[in-house]
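J.: Okay, so here is target18.txt, and as you'll see once you scroll down, it has compact mmCIF, C-alpha atoms.
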```txt
# COMPACT_ATOMS: atom_id res chain seq x y z
CA MET A 1 4.64 -39.20 5.08
CA GLU A 2 8.34 -40.06 4.97
CA TYR A 3 10.93 -37.60 3.72
CA ARG A 4 11.89 -39.76 0.73
CA HIS A 5 8.28 -39.79 -0.44
CA ALA A 6 7.65 -36.12 0.28
CA ALA A 7 10.83 -35.10 -1.56
CA ILE A 8 9.39 -36.15 -4.93
CA PRO A 9 6.52 -33.62 -5.07
CA ALA A 10 8.66 -30.95 -3.39
CA VAL A 11 11.39 -31.25 -6.02
CA ALA A 12 8.81 -31.48 -8.82
CA GLY A 13 7.12 -28.30 -7.63
CA GLY A 14 10.43 -26.47 -7.24
CA LEU A 15 11.45 -27.39 -10.78
CA MET A 16 8.06 -26.30 -12.12
CA LEU A 17 8.20 -22.89 -10.43
CA THR A 18 11.80 -22.33 -11.56
CA LEU A 19 11.00 -23.24 -15.17
CA LEU A 20 7.88 -21.06 -15.22
CA LEU A 21 9.82 -18.07 -13.90
CA TRP A 22 12.60 -18.67 -16.41
CA TRP A 23 10.02 -18.83 -19.18
CA ALA A 24 8.39 -15.62 -17.93
CA GLY A 25 11.74 -13.85 -17.87
CA ALA A 26 12.59 -15.07 -21.37
CA SER A 27 9.24 -13.72 -22.60
CA ALA A 28 10.28 -10.17 -21.69
CA ASP A 29 12.20 -9.91 -24.97
CA ALA A 30 8.92 -10.15 -26.88
CA LEU A 31 7.90 -6.77 -25.49
CA ASP A 32 10.73 -5.12 -27.46
CA LEU A 33 9.53 -6.46 -30.82
CA ASP A 34 8.12 -4.10 -33.43
CA GLY A 35 4.39 -3.73 -33.00
CA ALA A 36 4.24 -4.85 -29.38
CA THR A 37 3.46 -1.36 -28.14
CA GLY A 38 0.84 -0.81 -30.80
CA ALA A 39 -0.88 -4.12 -30.12
CA LEU A 40 -0.84 -3.99 -26.33
CA GLY A 41 -0.59 -0.29 -25.57
CA ILE A 42 2.28 1.52 -23.94
CA GLU A 43 0.83 1.23 -20.42
CA THR A 44 0.40 -2.54 -20.75
CA VAL A 45 3.88 -2.99 -22.19
CA ASN A 46 5.47 -0.95 -19.43
CA ALA A 47 3.57 -2.87 -16.76
CA LEU A 48 4.46 -6.24 -18.24
CA ARG A 49 8.09 -5.20 -18.59
CA SER A 50 8.27 -4.21 -14.91
CA TRP A 51 6.76 -7.57 -13.93
CA LEU A 52 8.97 -9.75 -16.13
CA ASN A 53 12.34 -7.96 -16.13
CA PRO A 54 13.32 -9.11 -12.59
CA TRP A 55 13.27 -12.67 -13.98
CA ALA A 56 14.86 -11.90 -17.35
CA TYR A 57 18.25 -13.54 -17.65
CA ASP A 58 19.49 -11.25 -20.44
CA PRO A 59 20.32 -7.71 -19.25
CA ARG A 60 18.25 -4.78 -20.42
CA PRO A 61 19.99 -2.24 -22.66
CA GLY A 62 21.86 0.18 -20.45
CA ALA A 63 21.34 -1.88 -17.31
CA SER A 64 25.04 -2.66 -16.89
CA VAL A 65 28.12 -0.51 -17.13
CA THR A 66 29.31 -2.11 -20.36
CA ALA A 67 30.96 1.04 -21.65
CA THR A 68 33.71 0.95 -19.03
CA ALA A 69 36.79 -1.21 -18.93
CA ASP A 70 35.12 -3.41 -16.32
CA GLY A 71 31.92 -3.84 -18.33
CA ALA A 72 32.44 -7.58 -18.79
CA SER A 73 32.91 -8.02 -15.06
CA TYR A 74 29.65 -6.20 -14.34
CA LEU A 75 27.83 -8.41 -16.84
CA ALA A 76 29.34 -11.46 -15.14
CA LEU A 77 28.06 -10.18 -11.80
CA ARG A 78 24.56 -9.87 -13.23
CA ASP A 79 24.74 -13.41 -14.60
CA THR A 80 25.82 -14.57 -11.15
CA ALA A 81 22.89 -12.71 -9.56
CA MET A 82 20.40 -14.41 -11.89
CA GLN A 83 21.97 -17.81 -11.31
CA ILE A 84 21.66 -17.29 -7.56
CA ARG A 85 18.07 -16.10 -8.01
CA PHE A 86 16.87 -19.15 -9.93
CA VAL A 87 18.77 -21.64 -7.76
CA ALA A 88 17.41 -19.93 -4.64
CA VAL A 89 13.84 -20.13 -5.96
CA PHE A 90 14.20 -23.88 -6.38
CA LEU A 91 15.85 -24.42 -3.00
CA PHE A 92 13.46 -22.21 -1.01
CA TYR A 93 10.36 -23.70 -2.63
CA ALA A 94 11.55 -27.29 -2.35
CA ALA A 95 12.51 -26.86 1.32
CA GLY A 96 9.17 -25.31 2.28
CA ALA A 97 7.15 -27.70 0.13
CA LEU A 98 8.94 -30.67 1.71
CA LEU A 99 7.77 -29.55 5.13
CA LEU A 100 4.25 -28.73 3.93
CA VAL A 101 3.82 -32.02 2.06
CA ARG A 102 4.85 -33.96 5.17
CA ARG A 103 2.80 -32.03 7.71
CA LEU A 104 -0.13 -31.02 5.47
CA PRO A 105 -0.40 -33.80 2.86
CA ALA A 106 -2.75 -33.26 -0.06
CA GLU A 107 -5.05 -36.18 0.73
CA ARG A 108 -8.83 -36.25 0.97
CA GLY A 109 -9.96 -33.51 3.33
CA ARG A 110 -6.69 -31.59 3.03
CA VAL A 111 -6.36 -30.90 -0.71
CA TRP A 112 -7.53 -27.29 -0.73
CA GLN A 113 -5.59 -26.45 2.40
CA ALA A 114 -2.41 -27.91 0.91
CA LEU A 115 -2.99 -26.10 -2.41
CA LEU A 116 -3.44 -22.72 -0.73
CA ALA A 117 -0.42 -23.21 1.52
CA LEU A 118 1.83 -24.24 -1.38
CA TRP A 119 0.54 -21.34 -3.46
CA ALA A 120 1.43 -18.83 -0.78
CA TRP A 121 4.78 -20.52 -0.19
CA GLY A 122 5.64 -20.14 -3.89
CA VAL A 123 5.22 -16.37 -3.54
CA VAL A 124 7.40 -16.42 -0.42
CA ALA A 125 10.10 -18.51 -2.13
CA GLY A 126 10.31 -16.11 -5.06
CA THR A 127 10.45 -13.09 -2.75
CA LEU A 128 13.26 -14.61 -0.69
CA ALA A 129 15.17 -15.56 -3.84
CA VAL A 130 15.00 -12.01 -5.18
CA THR A 131 16.16 -10.68 -1.80
CA VAL A 132 19.09 -13.10 -1.56
CA SER A 133 20.33 -12.27 -5.06
CA ALA A 134 19.83 -8.50 -4.73
CA PRO A 135 23.39 -7.67 -3.48
CA TRP A 136 24.94 -9.18 -6.63
CA MET A 137 22.41 -7.32 -8.78
CA ILE A 138 23.28 -4.05 -7.04
CA ALA A 139 26.99 -4.66 -7.58
CA SER A 140 26.41 -5.35 -11.28
CA GLY A 141 25.13 -1.79 -11.68
CA GLY A 142 28.51 -0.34 -10.75
CA ARG A 143 27.19 1.72 -7.81
CA GLY A 144 26.90 -0.76 -4.98
CA SER A 145 28.38 1.58 -2.39
CA TYR A 146 25.79 4.33 -3.02
CA ARG A 147 22.65 4.07 -0.86
CA PHE A 148 23.01 0.32 -0.60
CA LEU A 149 20.07 -0.34 1.73
CA PRO A 150 17.52 1.69 -0.27
CA GLN A 151 18.70 -0.12 -3.41
CA LEU A 152 18.33 -3.43 -1.61
CA ALA A 153 14.79 -2.54 -0.55
CA ALA A 154 13.81 -1.55 -4.09
CA LEU A 155 15.24 -4.68 -5.72
CA ALA A 156 13.90 -7.03 -3.05
CA SER A 157 10.34 -5.87 -3.74
CA ALA A 158 10.55 -6.51 -7.51
CA GLY A 159 9.10 -9.40 -9.48
CA ARG A 160 6.26 -10.28 -7.09
CA THR A 161 3.32 -9.72 -9.43
CA VAL A 162 4.23 -12.50 -11.83
CA LEU A 163 4.95 -14.79 -8.88
CA VAL A 164 1.29 -14.99 -7.85
CA PRO A 165 -0.15 -16.79 -10.92
CA LEU A 166 2.98 -18.89 -11.54
CA ALA A 167 3.14 -19.98 -7.89
CA LEU A 168 -0.48 -21.14 -8.18
CA ALA A 169 0.42 -23.28 -11.21
CA ALA A 170 3.42 -24.75 -9.37
CA ALA A 171 1.27 -25.45 -6.31
CA ALA A 172 -1.33 -27.28 -8.41
CA TRP A 173 1.43 -29.41 -9.96
CA THR A 174 2.90 -30.16 -6.52
CA VAL A 175 -0.52 -31.22 -5.22
CA PHE A 176 -1.05 -33.47 -8.26
CA VAL A 177 2.30 -35.21 -7.75
CA THR A 178 1.56 -35.55 -4.04
CA ARG A 179 -1.80 -37.16 -4.78
CA VAL A 180 -0.08 -39.65 -7.07
CA ALA A 181 2.52 -40.43 -4.40
CA LEU A 182 -0.22 -40.94 -1.77
CA ARG A 183 -2.57 -43.09 -3.84
CA ASN A 184 -1.57 -46.38 -2.16
CA THR A 185 -0.99 -45.08 1.36
CA GLU A 186 -3.20 -44.95 4.43
CA PRO A 187 -4.70 -41.61 5.56
CA GLN A 188 -2.22 -39.57 7.54
CA PRO A 189 -2.99 -38.98 11.24
CA ARG A 190 -4.28 -35.67 12.55
CA GLU A 191 -3.21 -33.89 15.70
CA ASP A 192 -5.82 -33.97 18.46
CA VAL A 193 -5.99 -30.45 19.90
CA PRO A 194 -8.81 -29.25 22.21
CA ALA A 195 -10.95 -26.52 20.69
CA ARG A 196 -10.37 -24.11 23.58
CA THR A 197 -6.61 -24.51 23.30
CA ALA A 198 -6.70 -23.90 19.55
CA VAL A 199 -8.83 -20.77 20.00
CA VAL A 200 -6.45 -19.30 22.59
CA ALA A 201 -3.40 -20.04 20.42
CA ALA A 202 -5.08 -18.55 17.33
CA THR A 203 -6.02 -15.39 19.22
CA VAL A 204 -2.51 -14.86 20.60
CA GLY A 205 -0.89 -15.58 17.22
CA THR A 206 -3.25 -13.16 15.48
CA ALA A 207 -2.43 -10.52 18.08
CA VAL A 208 1.23 -10.79 17.05
CA VAL A 209 0.29 -10.06 13.43
CA ALA A 210 -1.99 -7.24 14.60
CA VAL A 211 1.05 -5.47 16.09
CA SER A 212 2.19 -4.77 12.55
CA VAL A 213 -1.25 -4.24 10.98
CA VAL A 214 -2.65 -1.95 13.67
CA LEU A 215 0.25 -0.42 15.60
CA LEU A 216 3.32 -0.19 13.35
CA SER A 217 1.36 0.49 10.16
CA TYR A 218 -0.27 3.63 11.53
CA GLN A 219 1.02 6.49 9.40
CA ALA A 220 2.75 8.40 12.20
CA ASN A 221 4.47 5.28 13.56
CA ALA A 222 5.48 4.12 10.07
CA ALA A 223 7.07 7.52 9.43
CA ARG A 224 9.11 7.22 12.64
CA ILE A 225 10.29 3.75 11.63
CA GLN A 226 11.48 5.04 8.27
CA THR A 227 13.26 8.14 9.55
CA MET A 228 14.60 7.41 13.03
CA PHE A 229 17.61 5.37 11.81
CA THR A 230 18.62 7.58 8.90
CA GLY A 231 22.30 8.42 8.94
CA GLY A 232 25.43 8.31 6.81
CA GLY A 233 27.63 5.56 5.54
CA PHE A 234 27.16 2.31 3.67
CA LEU A 235 24.37 1.03 5.97
CA GLY A 236 23.07 4.39 7.12
CA GLU A 237 19.62 4.45 5.47
CA PRO A 238 17.63 1.34 6.47
CA GLY A 239 14.25 3.11 6.48
CA ASP A 240 12.82 1.64 3.26
CA LEU A 241 14.07 -1.82 4.17
CA LEU A 242 12.56 -1.60 7.66
CA ARG A 243 9.19 -0.56 6.25
CA GLN A 244 9.26 -3.49 3.84
CA TRP A 245 9.99 -6.06 6.56
CA LEU A 246 7.90 -4.56 9.38
CA LEU A 247 4.72 -3.12 7.86
CA LEU A 248 1.81 -5.26 6.68
CA SER A 249 -0.50 -2.31 6.09
CA ALA A 250 -0.69 1.48 5.87
CA TRP A 251 -3.52 3.45 7.43
CA SER A 252 -4.36 6.78 9.03
CA GLY A 253 -7.41 8.69 10.25
CA PRO A 254 -10.37 9.44 7.96
CA SER A 255 -9.03 12.81 6.81
CA GLY A 256 -10.00 13.80 3.27
CA ILE A 257 -12.39 10.87 2.72
CA GLY A 258 -15.80 9.93 4.07
CA LEU A 259 -16.19 7.76 7.13
CA TRP A 260 -17.81 4.95 5.11
CA ASP A 261 -14.96 4.85 2.58
CA TRP A 262 -12.44 4.86 5.42
CA LEU A 263 -14.20 1.93 7.08
CA LEU A 264 -14.24 0.03 3.78
CA VAL A 265 -10.48 0.41 3.49
CA LEU A 266 -9.90 -0.68 7.08
CA PHE A 267 -12.17 -3.69 6.59
CA GLY A 268 -9.45 -5.10 4.34
CA ASP A 269 -7.16 -5.27 7.37
CA VAL A 270 -9.96 -6.96 9.32
CA LEU A 271 -10.17 -9.58 6.57
CA LEU A 272 -6.39 -10.09 6.77
CA LEU A 273 -6.54 -10.72 10.51
CA ALA A 274 -9.61 -12.94 10.10
CA VAL A 275 -7.80 -15.14 7.58
CA VAL A 276 -4.84 -15.46 9.96
CA TRP A 277 -7.09 -16.29 12.93
CA CYS A 278 -9.05 -18.93 11.02
CA ALA A 279 -5.85 -20.52 9.72
CA LEU A 280 -4.31 -20.67 13.19
CA ARG A 281 -7.59 -22.04 14.60
CA TRP A 282 -7.80 -24.87 12.05
CA LEU A 283 -4.12 -25.64 11.52
CA PRO A 284 -3.50 -27.68 14.70
CA GLY A 285 -6.26 -30.07 13.71
CA MET A 286 -5.10 -30.31 10.09
CA LEU A 287 -1.40 -31.00 10.62
CA THR A 288 -0.09 -34.51 11.08
CA ARG A 289 2.07 -33.14 13.89
CA VAL A 290 2.13 -29.70 15.46
CA SER A 291 5.75 -28.55 15.39
CA VAL A 292 7.40 -25.15 15.45
CA PRO A 293 8.69 -25.28 11.83
CA ALA A 294 5.35 -26.50 10.46
CA MET A 295 3.32 -23.88 12.33
CA ALA A 296 5.75 -21.11 11.39
CA VAL A 297 5.72 -21.95 7.67
CA CYS A 298 1.94 -22.43 7.59
CA THR A 299 1.36 -19.14 9.42
CA VAL A 300 3.60 -17.32 6.95
CA CYS A 301 1.47 -18.81 4.17
CA ALA A 302 -1.70 -17.74 6.01
CA VAL A 303 -0.48 -14.13 6.25
CA VAL A 304 0.37 -14.10 2.52
CA LEU A 305 -3.10 -15.43 1.69
CA GLY A 306 -4.59 -12.78 3.97
CA LEU A 307 -2.69 -10.10 2.06
CA LEU A 308 -4.06 -11.45 -1.23
CA VAL A 309 -7.61 -11.43 0.17
CA ARG A 310 -7.17 -7.87 1.41
CA HIS A 311 -5.84 -6.78 -1.97
CA LEU A 312 -8.79 -8.40 -3.76
CA TRP A 313 -11.20 -6.66 -1.37
CA ARG A 314 -9.67 -3.25 -2.01
CA VAL A 315 -9.69 -3.76 -5.77
CA VAL A 316 -13.31 -4.94 -5.94
CA ALA A 317 -15.07 -3.11 -3.10
CA VAL A 318 -12.99 0.01 -2.54
CA GLU A 319 -11.58 1.05 -5.92
CA GLY A 320 -14.11 -0.71 -8.13
CA GLY A 321 -12.69 0.33 -11.51
CA THR A 322 -12.88 -1.87 -14.62
CA THR A 323 -10.68 0.01 -17.08
CA SER A 324 -7.50 -1.60 -18.37
CA TRP A 325 -5.40 1.01 -16.57
CA HIS A 326 -7.15 0.26 -13.30
CA LEU A 327 -6.72 -3.50 -13.71
CA LEU A 328 -3.02 -3.09 -14.48
CA ARG A 329 -2.52 -0.89 -11.43
CA ALA A 330 -4.45 -3.37 -9.30
CA ALA A 331 -2.42 -6.32 -10.55
CA SER A 332 0.80 -4.48 -9.78
CA GLY A 333 -0.10 -4.61 -6.10
CA LEU A 334 -0.15 -8.41 -5.97
CA GLY A 335 2.44 -9.80 -3.59
CA GLU A 336 2.88 -6.59 -1.60
CA GLY A 337 3.77 -7.19 2.03
CA THR A 338 5.28 -10.64 1.47
CA SER A 339 8.56 -9.70 3.16
CA ALA A 340 6.76 -8.55 6.30
CA ALA A 341 4.59 -11.67 6.13
CA VAL A 342 7.74 -13.79 6.46
CA LEU A 343 8.77 -11.99 9.66
CA TRP A 344 5.39 -11.65 11.35
CA GLY A 345 4.10 -15.01 10.17
CA THR A 346 7.13 -16.71 11.66
CA LEU A 347 6.73 -14.86 14.96
CA ALA A 348 3.00 -15.60 15.08
CA GLY A 349 3.50 -19.28 14.25
CA VAL A 350 6.16 -19.76 16.90
CA THR A 351 4.05 -17.90 19.47
CA ALA A 352 0.94 -19.94 18.65
CA THR A 353 2.91 -23.19 18.98
CA VAL A 354 4.25 -22.18 22.39
CA VAL A 355 0.74 -21.25 23.55
CA LEU A 356 -0.61 -24.55 22.22
CA ARG A 357 1.90 -26.53 24.21
CA VAL A 358 1.61 -24.50 27.41
CA THR A 359 -2.20 -24.38 27.29
CA GLY A 360 -2.39 -28.02 26.29
CA ARG A 361 -0.33 -29.10 29.27
CA GLY A 362 -2.52 -27.02 31.55
CA ALA A 363 -5.63 -28.68 30.12
CA GLU A 364 -4.17 -32.19 30.41
CA ALA A 365 -3.24 -31.86 34.09
CA PRO A 366 -6.85 -31.75 35.47
CA VAL A 367 -7.86 -34.61 33.16
CA ARG A 368 -5.00 -36.79 34.39
CA ALA A 369 -5.77 -35.90 38.01
CA ALA A 370 -9.45 -36.82 37.55
CA ALA A 371 -8.48 -40.08 35.89
CA GLY A 372 -6.16 -40.87 38.81
CA ASP A 373 -8.92 -40.18 41.34
CA ARG A 374 -11.32 -42.48 39.50
CA SER A 375 -8.75 -45.26 39.29
CA GLY A 376 -7.87 -44.84 42.97
CA GLY A 377 -11.49 -44.86 44.01
```
What would the structure in this file look like if it were written as structure tokens?

T.:
Amino acid sequence: MEYRHAAIPAVAGGLMLTLLLWWAGASADALDLDGATGALGIETVNALRSWLNPWAYDPRPGASVTATADGASYLALRDTAMQIRFVAVFLFYAAGALLLVRRLPAERGRVWQALLALWAWGVVAGTLAVTVSAPWMIASGGRGSYRFLPQLAALASAGRTVLVPLALAAAAWTVFVTRVALRNTEPQPREDVPARTAVVAATVGTAVVAVSVVLLSYQANAARIQTMFTGGGFLGEPGDLLRQWLLLSAWSGPSGIGLWDWLLVLFGDVLLLAVVWCALRWLPGMLTRVSVPAMAVCTVCAVVLGLLVRHLWRVVAVEGGTTSWHLLRAASGLGEGTSAAVLWGTLAGVTATVVLRVTGRGAEAPVRAAAGDRSGG
């Protein structure tokens, strides 16, 4: 699929996600109306406010230092942060969707794969947009020089819950526009990758992700990561930020809980790694061309989907509550780990691509030699 054709659904999806997030942020004002707390309950209102406020263009009361002489400047900084956030959402989503639409077109046999990849990429695009705009948001609070990195970590992890359903809607719209654009075109080619080569690449790529899930996420190692770089100065406390970008899980020994419950919790991590392995196993045969950018982006999406599957498993099988408070708490965990998924998914995708090429060349050499012997004989 040519770039000029793929750009149409990518731009359409980016506009859809941006408009949906703007609408969600504008809806936050409704929570302050008289009767909202009585109708929804204070817990629901507080949860919805925490989900929607990161995308609300208008500042919350007391959020900016308006009482000082520089209050207007701080408000202008917040407006700038929100402008950067919404523009970044559009640009990040459109750029990733352009690559996904070209390499994983939503044609017959690839529709569900494209939908899931675009859904996960919408969550990634929103997370990156919040992270990019966070320095301006910190400065708008009038205390940008105080514990800058912990503030950056806290703001960069906001607004992910609402991203999950809205990214799904944007992905469905992108797939629909792609299907319309592809209605008069021939089926796109598929990469021919030997099964053994794909299995080796998937195993090595999954091992890269397992470094975070198994090794770094162990409680003792995670504590060292958070505390070993603590110091003074403007950039002296990167612990929270490192945890956010390095850890895909959090686990320890079965102390205080039964062995069966501990195994149920850990099975969520097994599901995460299984989703990543299956995606890396099938991706080479689904893509129109195996390239480093395509594999990296698709692997990031696979890790995000694995995180969503793990979260669903823990909500249904481990916690198992059905009260409104439980459902709100469970929904608040949607999108957790997306920042680390960007890092480890990229590393795993690049590693799997390198293994595919190296292993593929090694597999082609004996075949070519045998063909030469037959032709010579």

J.: Using all atoms listed in the file, can you list as a PyMOL selection string the residues within 6 Å of (1.9, -9.9, -6.7)?

T.: chain A and resi 160-161+164+333-335

J.: Pick the closest to A:Gly126 from A:Arg289, A:Arg243, A:Arg108, A:Arg85: which is it, counting all atoms listed in the file?

T.: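 Residue with the minimum atom-to-atom distance to A:Gly126: A:Arg85.
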
J.: For A:Leu33, which residue among A:Leu91, A:Ala341, A:Leu115, A:Val45 is the nearest when counting all atoms listed in the file?

T.: A:Val45

J.: When you count only C-alpha atoms, which of these residues is closest to A:Val180: A:Ala106, A:Ala30, A:Ala158, A:Ala331?

T.: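 Selected residue with least distance to A:Val180: A:Ala106.
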
J.: Can you pull out every residue within 8 Å of A:Ala201, counting all atoms listed in the file, but drop anything in the same chain fewer than 6 positions away, and send it as a VMD selection string?

T.: chain A and resid 280 to 281 351 to 353 355 to 356

J.: Restrict the selected residues to C-alpha atoms and save them as a tab-separated table (two decimals), keeping the file's coordinate frame.

T.:
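To be explicit, this is the file written out as part_28.tsv:
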```
chain	number	residue	atom	x	y	z
A	280	LEU	CA	-4.31	-20.67	13.19
A	281	ARG	CA	-7.59	-22.04	14.60
A	351	THR	CA	4.05	-17.90	19.47
A	352	ALA	CA	0.94	-19.94	18.65
A	353	THR	CA	2.91	-23.19	18.98
A	355	VAL	CA	0.74	-21.25	23.55
A	356	LEU	CA	-0.61	-24.55	22.22
```

J.: Go ahead and compute the interatomic distance for atom CA of A:Ala56 and atom CA of A:Ala134, in Å to one decimal.

T.: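 Atom-to-atom, atom CA of A:Ala56 to atom CA of A:Ala134, that is 14.0 Å.
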
J.: Measuring atom to atom with only C-alpha atoms, identify which of A:Ala210, A:Ala95, A:Ala24, A:Leu77 is nearest to A:Val270.

T.: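 That would be A:Ala210, the residue with the smallest distance to A:Val270.
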
J.: Report, in Å with one decimal, the straight-line distance from atom CA of A:Ala156 to atom CA of A:Ser50.

T.: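 Atom CA of A:Ala156 sits 13.4 Å away from atom CA of A:Ser50.
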
J.: Take atom CA of A:Thr197 and atom CA of A:Pro105 and report the distance between them in Å, one decimal.

T.: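 Going from atom CA of A:Thr197 over to atom CA of A:Pro105 covers 23.3 Å.
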
J.: Dump as JSON lines the rows for residues of stretch 93-189 of chain A within 8 Å of stretch 303-308 of chain A: closest atom pair and distance in Å with one decimal, all atoms listed in the file counted, ordered by chain and rising residue number.

T.:
```
{"residue": "A:Leu116", "atom": "CA", "partner": "A:Leu305", "partner_atom": "CA", "distance": 7.7}
{"residue": "A:Ala120", "atom": "CA", "partner": "A:Val304", "partner_atom": "CA", "distance": 5.9}
{"residue": "A:Val124", "atom": "CA", "partner": "A:Val304", "partner_atom": "CA", "distance": 8.0}
```

J.: Find the residue from A:Gly337, A:Ser157, A:Thr346, A:Gln113 that sits nearest to A:Leu283; use only C-alpha atoms when measuring.

T.: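 Of the candidates, the smallest distance to A:Leu283 is held by A:Gln113.
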
J.: Might I get the box with edges along x, y and z of the file that holds all atoms of stretch 109-117 of chain A listed there, padded by 4 Å on every side, given as centre and edge lengths in Å to one decimal, as JSON?

T.:
```
{"center_x": -5.2, "center_y": -28.1, "center_z": 0.5, "size_x": 17.5, "size_y": 18.8, "size_z": 13.7}
```

J.: With all atoms listed in the file as the atoms that count, which of A:Leu343, A:Ala125, A:Val193, A:Leu40 lies nearest to A:Trp282?

T.: A:Val193

J.: Within 9 Å of A:Met137, counting only C-alpha atoms, which residues qualify if same-chain residues fewer than 3 places away don't, as a list in words?

T.: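 Answer for this query is Leu77, Arg78, Asp79, Thr80, Ala81, Met82, Ser133, Ala134, Ser140, Gly141, Gly144 and Leu155 of chain A.
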
J.: What lies within 6 Å of stretch 167-176 of chain A using all atoms listed in the file, ignoring chain neighbours under 3 positions off, as a PDB file with C-alpha atoms, keeping the file's coordinate frame?

T.:
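The resulting file, out-v3.pdb, is shown below:
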```pdb
ATOM      1  CA  PRO A   9       6.520 -33.620  -5.070  1.00  0.00           C
ATOM      2  CA  GLY A  13       7.120 -28.300  -7.630  1.00  0.00           C
ATOM      3  CA  MET A  16       8.060 -26.300 -12.120  1.00  0.00           C
ATOM      4  CA  LEU A  17       8.200 -22.890 -10.430  1.00  0.00           C
ATOM      5  CA  ALA A 106      -2.750 -33.260  -0.060  1.00  0.00           C
ATOM      6  CA  LEU A 115      -2.990 -26.100  -2.410  1.00  0.00           C
ATOM      7  CA  LEU A 118       1.830 -24.240  -1.380  1.00  0.00           C
ATOM      8  CA  TRP A 119       0.540 -21.340  -3.460  1.00  0.00           C
ATOM      9  CA  GLY A 122       5.640 -20.140  -3.890  1.00  0.00           C
ATOM     10  CA  LEU A 163       4.950 -14.790  -8.880  1.00  0.00           C
ATOM     11  CA  VAL A 164       1.290 -14.990  -7.850  1.00  0.00           C
ATOM     12  CA  ARG A 179      -1.800 -37.160  -4.780  1.00  0.00           C
TER      13      ARG A 179
END
```

J.: Identify the residues within 12 Å of coordinate (-9.5, -1.7, 11.1) (same frame as the file), considering only C-alpha atoms, and give the answer as a list of chain:residue names.

T.: A:Ala210, A:Val213, A:Val214, A:Leu215, A:Ser217, A:Tyr218, A:Ser249, A:Ala250, A:Trp251, A:Ser252, A:Gly253, A:Pro254, A:Trp262, A:Leu263, A:Leu264, A:Val265, A:Leu266, A:Phe267, A:Gly268, A:Asp269, A:Val270, A:Leu271, A:Leu272, A:Leu273, A:Ala274, A:Arg310
